[in-house]
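> Next up, input.cif (mmCIF, C-alpha atoms).
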```
data_input
loop_
_atom_site.label_atom_id
_atom_site.label_comp_id
_atom_site.auth_asym_id
_atom_site.auth_seq_id
_atom_site.Cartn_x
_atom_site.Cartn_y
_atom_site.Cartn_z
CA MET A 982 -51.22 112.26 105.33
CA PHE A 983 -51.32 113.42 101.70
CA GLU A 984 -48.69 111.02 100.39
CA ARG A 985 -49.77 108.20 98.18
CA GLU A 986 -49.71 104.86 99.87
CA LYS A 987 -46.36 103.23 99.18
CA GLY A 988 -46.37 100.01 97.23
CA ARG A 989 -48.29 98.82 94.23
CA PRO A 990 -51.91 99.80 93.60
CA GLU A 991 -54.51 97.07 93.85
CA GLU A 992 -55.58 95.30 90.66
CA GLY A 993 -58.64 96.90 89.12
CA SER A 994 -58.23 100.15 91.03
CA PRO A 995 -59.04 103.25 88.95
CA THR A 996 -55.51 104.60 89.38
CA ASN A 997 -53.67 101.35 88.59
CA GLY A 998 -50.55 102.29 86.59
CA THR A 999 -51.38 105.98 86.34
CA THR A 1000 -49.03 108.82 87.15
CA ALA A 1001 -51.82 111.42 87.40
CA PHE A 1002 -55.46 111.24 88.44
CA LEU A 1003 -58.10 113.99 88.29
CA GLY A 1004 -60.96 112.78 90.45
CA LYS A 1005 -64.70 113.27 90.30
CA GLY A 1006 -65.61 116.77 91.47
CA THR A 1007 -62.49 118.29 89.89
CA ARG A 1008 -63.06 121.09 87.35
CA ILE A 1009 -60.18 122.43 85.30
CA VAL A 1010 -60.14 125.02 82.52
CA GLY A 1011 -56.95 125.38 80.49
CA LYS A 1012 -54.21 123.38 78.86
CA LEU A 1013 -53.10 120.12 80.50
CA THR A 1014 -49.94 118.23 79.56
CA PHE A 1015 -49.06 114.81 81.00
CA GLU A 1016 -45.90 112.73 80.60
CA GLY A 1017 -47.18 109.41 81.95
CA ALA A 1018 -50.48 107.57 82.04
CA VAL A 1019 -53.39 109.66 83.30
CA ARG A 1020 -57.02 109.11 84.26
CA ILE A 1021 -59.62 111.88 84.28
CA GLU A 1022 -62.91 111.49 86.16
CA GLY A 1023 -63.78 115.19 86.57
CA GLN A 1024 -64.58 118.07 84.21
CA VAL A 1025 -61.97 119.52 81.85
CA GLU A 1026 -62.35 122.32 79.33
CA GLY A 1027 -59.52 123.37 77.00
CA GLU A 1028 -56.71 121.15 75.68
CA ILE A 1029 -55.29 117.84 76.90
CA SER A 1030 -52.01 116.32 75.76
CA ALA A 1031 -50.61 113.01 77.01
CA ASP A 1032 -47.40 111.22 76.03
CA ASP A 1033 -48.77 107.91 77.30
CA THR A 1034 -52.25 106.47 77.89
CA LEU A 1035 -55.05 108.93 78.60
CA THR A 1036 -58.21 107.46 80.13
CA ILE A 1037 -61.41 109.49 80.27
CA GLY A 1038 -63.50 107.86 83.02
CA GLU A 1039 -67.26 107.30 83.12
CA SER A 1040 -67.95 110.32 85.31
CA ALA A 1041 -65.77 112.64 83.17
CA VAL A 1042 -67.21 115.48 81.09
CA VAL A 1043 -64.53 116.82 78.75
CA LYS A 1044 -64.83 119.71 76.30
CA ALA A 1045 -61.37 119.78 74.83
CA LYS A 1046 -59.00 119.09 72.00
CA ILE A 1047 -57.31 115.83 72.98
CA ALA A 1048 -53.99 114.35 71.84
CA GLY A 1049 -52.37 111.23 73.25
CA ALA A 1050 -50.53 108.04 72.39
CA THR A 1051 -53.42 105.81 73.45
CA VAL A 1052 -56.78 107.32 74.39
CA VAL A 1053 -59.51 105.29 76.14
CA VAL A 1054 -62.89 106.98 76.55
CA HIS A 1055 -65.59 105.81 78.98
CA GLY A 1056 -67.22 109.22 79.59
CA GLN A 1057 -68.36 112.25 77.58
CA VAL A 1058 -66.04 114.09 75.20
CA THR A 1059 -66.89 117.07 73.03
CA GLY A 1060 -63.95 117.97 70.82
CA ASP A 1061 -61.43 116.47 68.43
CA ILE A 1062 -59.33 113.47 69.50
CA THR A 1063 -55.98 112.51 68.00
CA ALA A 1064 -54.51 109.22 69.20
CA ARG A 1065 -51.08 108.38 67.80
CA ALA A 1066 -51.34 104.63 68.48
CA ARG A 1067 -54.91 103.66 69.39
CA LEU A 1068 -58.33 105.04 70.34
CA GLU A 1069 -60.90 103.02 72.30
CA LEU A 1070 -64.49 104.16 72.78
CA ARG A 1071 -65.95 101.99 75.53
CA ALA A 1072 -69.55 101.87 76.70
CA PRO A 1073 -71.17 104.14 77.83
CA SER A 1074 -68.92 106.77 76.19
CA ARG A 1075 -70.26 109.60 74.06
CA VAL A 1076 -67.88 111.40 71.71
CA VAL A 1077 -68.93 114.39 69.59
CA GLY A 1078 -66.03 115.50 67.43
CA ASN A 1079 -63.58 114.34 64.83
CA ILE A 1080 -61.13 111.55 65.53
CA ASN A 1081 -57.79 110.69 63.98
CA THR A 1082 -56.04 107.43 64.86
CA PRO A 1083 -54.37 104.48 63.14
CA SER A 1084 -56.30 101.98 65.31
CA LEU A 1085 -59.93 102.43 66.42
CA ILE A 1086 -62.07 100.25 68.68
CA ILE A 1087 -65.71 101.17 69.29
CA GLN A 1088 -67.45 98.98 71.84
CA GLU A 1089 -71.18 98.26 71.59
CA GLY A 1090 -73.01 100.91 73.59
CA ALA A 1091 -70.52 103.68 72.80
CA VAL A 1092 -71.77 106.68 70.79
CA PHE A 1093 -69.63 108.53 68.23
CA GLU A 1094 -70.80 111.54 66.23
CA GLY A 1095 -68.27 113.05 63.87
CA GLN A 1096 -65.76 112.04 61.25
CA CYS A 1097 -62.94 109.56 61.53
CA ALA A 1098 -59.59 109.57 59.75
CA MET A 1099 -57.36 106.51 59.94
CA GLY A 1100 -53.96 106.42 58.37
CA GLY A 1101 -50.58 108.06 58.36
CA SER A 1102 -51.16 111.32 56.53
CA ASP A 1103 -52.90 114.37 57.94
CA PRO A 1104 -56.42 114.70 56.43
CA ALA A 1105 -56.07 118.51 56.26
CA ARG A 1106 -53.15 118.13 53.84
CA ARG A 1107 -55.20 115.81 51.61
CA GLY A 1108 -57.76 118.57 51.17
CA ASN A 1109 -60.60 116.73 52.92
CA LYS A 1110 -62.93 119.20 54.64
CA LYS A 1111 -64.07 117.97 58.04
CA THR A 1112 -66.97 119.34 60.03
CA ASP A 1113 -65.86 121.92 62.59
CA PHE A 1114 -67.15 120.82 66.00
CA SER A 1115 -65.43 123.70 67.80
CA VAL A 1116 -68.78 125.56 67.89
CA LEU A 1117 -69.82 123.07 70.56
CA LEU A 1118 -66.92 124.13 72.78
CA ARG A 1119 -68.15 127.73 73.02
CA GLY A 1120 -70.45 128.58 75.88
CA ASP A 1121 -72.59 131.01 73.89
CA GLU A 1122 -76.20 130.86 72.77
CA SER A 1123 -75.24 129.02 69.54
CA ALA A 1124 -74.76 125.90 71.67
CA GLU A 1125 -78.52 125.89 72.26
CA LYS A 1126 -79.26 125.57 68.52
CA PRO A 1127 -79.57 122.11 66.96
CA LEU A 1128 -76.26 120.61 65.80
CA ALA A 1129 -77.27 120.63 62.12
CA THR A 1130 -77.95 124.40 62.28
CA GLN A 1131 -74.56 125.10 63.87
CA LEU A 1132 -72.66 123.03 61.31
CA ASP A 1133 -74.22 124.84 58.34
CA LYS A 1134 -72.38 128.06 59.26
#
```
Step by step, read the file and then write its structure as structure tokens.


Amino acid sequence: MFEREKGRPEEGSPTNGTTAFLGKGTRIVGKLTFEGAVRIEGQVEGEISADDTLTIGESAVVKAKIAGATVVVHGQVTGDITARARLELRAPSRVVGNINTPSLIIQEGAVFEGQCAMGGSDPARRGNKKTDFSVLLRGDESAEKPLATQLDK
């Protein structure tokens, strides 16, 4: 009854090629680590790490620090994203946070607010100061203030 249907998934299905799937209506707080490809359609707060492709679906609302080989965003992400190979922001995604990736694709209709670092070396070691978007991850009253006010702290 609860086993996945044996055989290959249909082409175009949301779980095609994924080893893990967090569906709409799922809410998780904490640290998630995945070895294979994963798709998230629910709500996640905390940290996400994926060795393979991480897809944030259209219905997903993620407030987390994200690290993955390839990260594809369709939904909402608040937090820093590090993609070791490639980062894709597809419409209608909205990302508020800093991104670090050697390859970046931003589709028309996607929204990105933050700073981007592309290249091999860590920007923190180069002495570049990036805006700290972690204030947006807190659930306190400072989240109600305008973004510019929070970033001046």

> Could you check the closest approach to Ile1087 in chain A for each of A:Gly1027, A:Arg1075, A:Gly1017, A:Val1116 and tell me which residue wins, using only C-alpha atoms?

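Nearest candidate to Ile1087 in chain A out of A:Gly1027, A:Arg1075, A:Gly1017, A:Val1116: A:Arg1075.
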
> Edge lengths and centre, in Å to one decimal, as JSON: that's what I need for the box along x, y and z that holds all listed atoms of range 1009-1015 of chain A plus 4 Å on each side.


```
{"center_x": -54.6, "center_y": 120.1, "center_z": 82.1, "size_x": 19.1, "size_y": 18.6, "size_z": 14.4}
```

> Where does the PyMOL selection byres ((chain A and resi 1058) around 10) land in this file, that is, which residues does it pick, as a list in words?

Gln1024, Val1025, Glu1026, Ile1037, Ala1041, Val1042, Val1043, Lys1044, Ala1045, Lys1046, Ile1047, Val1054, His1055, Gly1056, Gln1057, Thr1059, Gly1060, Asp1061, Ile1062, Ser1074, Arg1075, Val1076, Val1077, Gly1078 and Phe1093 of chain A

> Residues picked by the PyMOL selection byres ((chain A and resi 1007) around 8) here, as a list in words?

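With the PyMOL selection byres ((chain A and resi 1007) around 8) on this model, the match is Leu1003, Gly1004, Lys1005, Gly1006, Arg1008, Ile1009, Glu1022, Gly1023 and Gln1024 of chain A.
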
> Between CA of Pro1073 in chain A and CA of Val1010 in chain A, measure the distance and give it in Å to one decimal.

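For CA of Pro1073 in chain A relative to CA of Val1010 in chain A, the distance reads 24.1 Å.
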
> Since I can't run it myself right now, could you work out what the PyMOL selection byres ((chain A and resi 1018) around 6) selects here and report it as a PyMOL selection string?

chain A and resi 999-1000+1017+1019+1033-1035

> How far is it from CA of Glu1089 in chain A to CA of Gly1038 in chain A, in Å with one decimal?

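CA of Gly1038 in chain A lies at a distance of 16.8 Å from CA of Glu1089 in chain A.
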
> When you count all atoms listed in the file, which of these residues is closest to Arg1065 in chain A: A:Ala1048, A:Ile1080, A:Leu1013, A:Val1053?

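Residue with the minimum atom-to-atom distance to Arg1065 in chain A: A:Ala1048.
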
> Could you check how far CA of Asn1081 in chain A sits from CA of Glu1028 in chain A, in Å to one decimal?

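The value is 15.7 Å.
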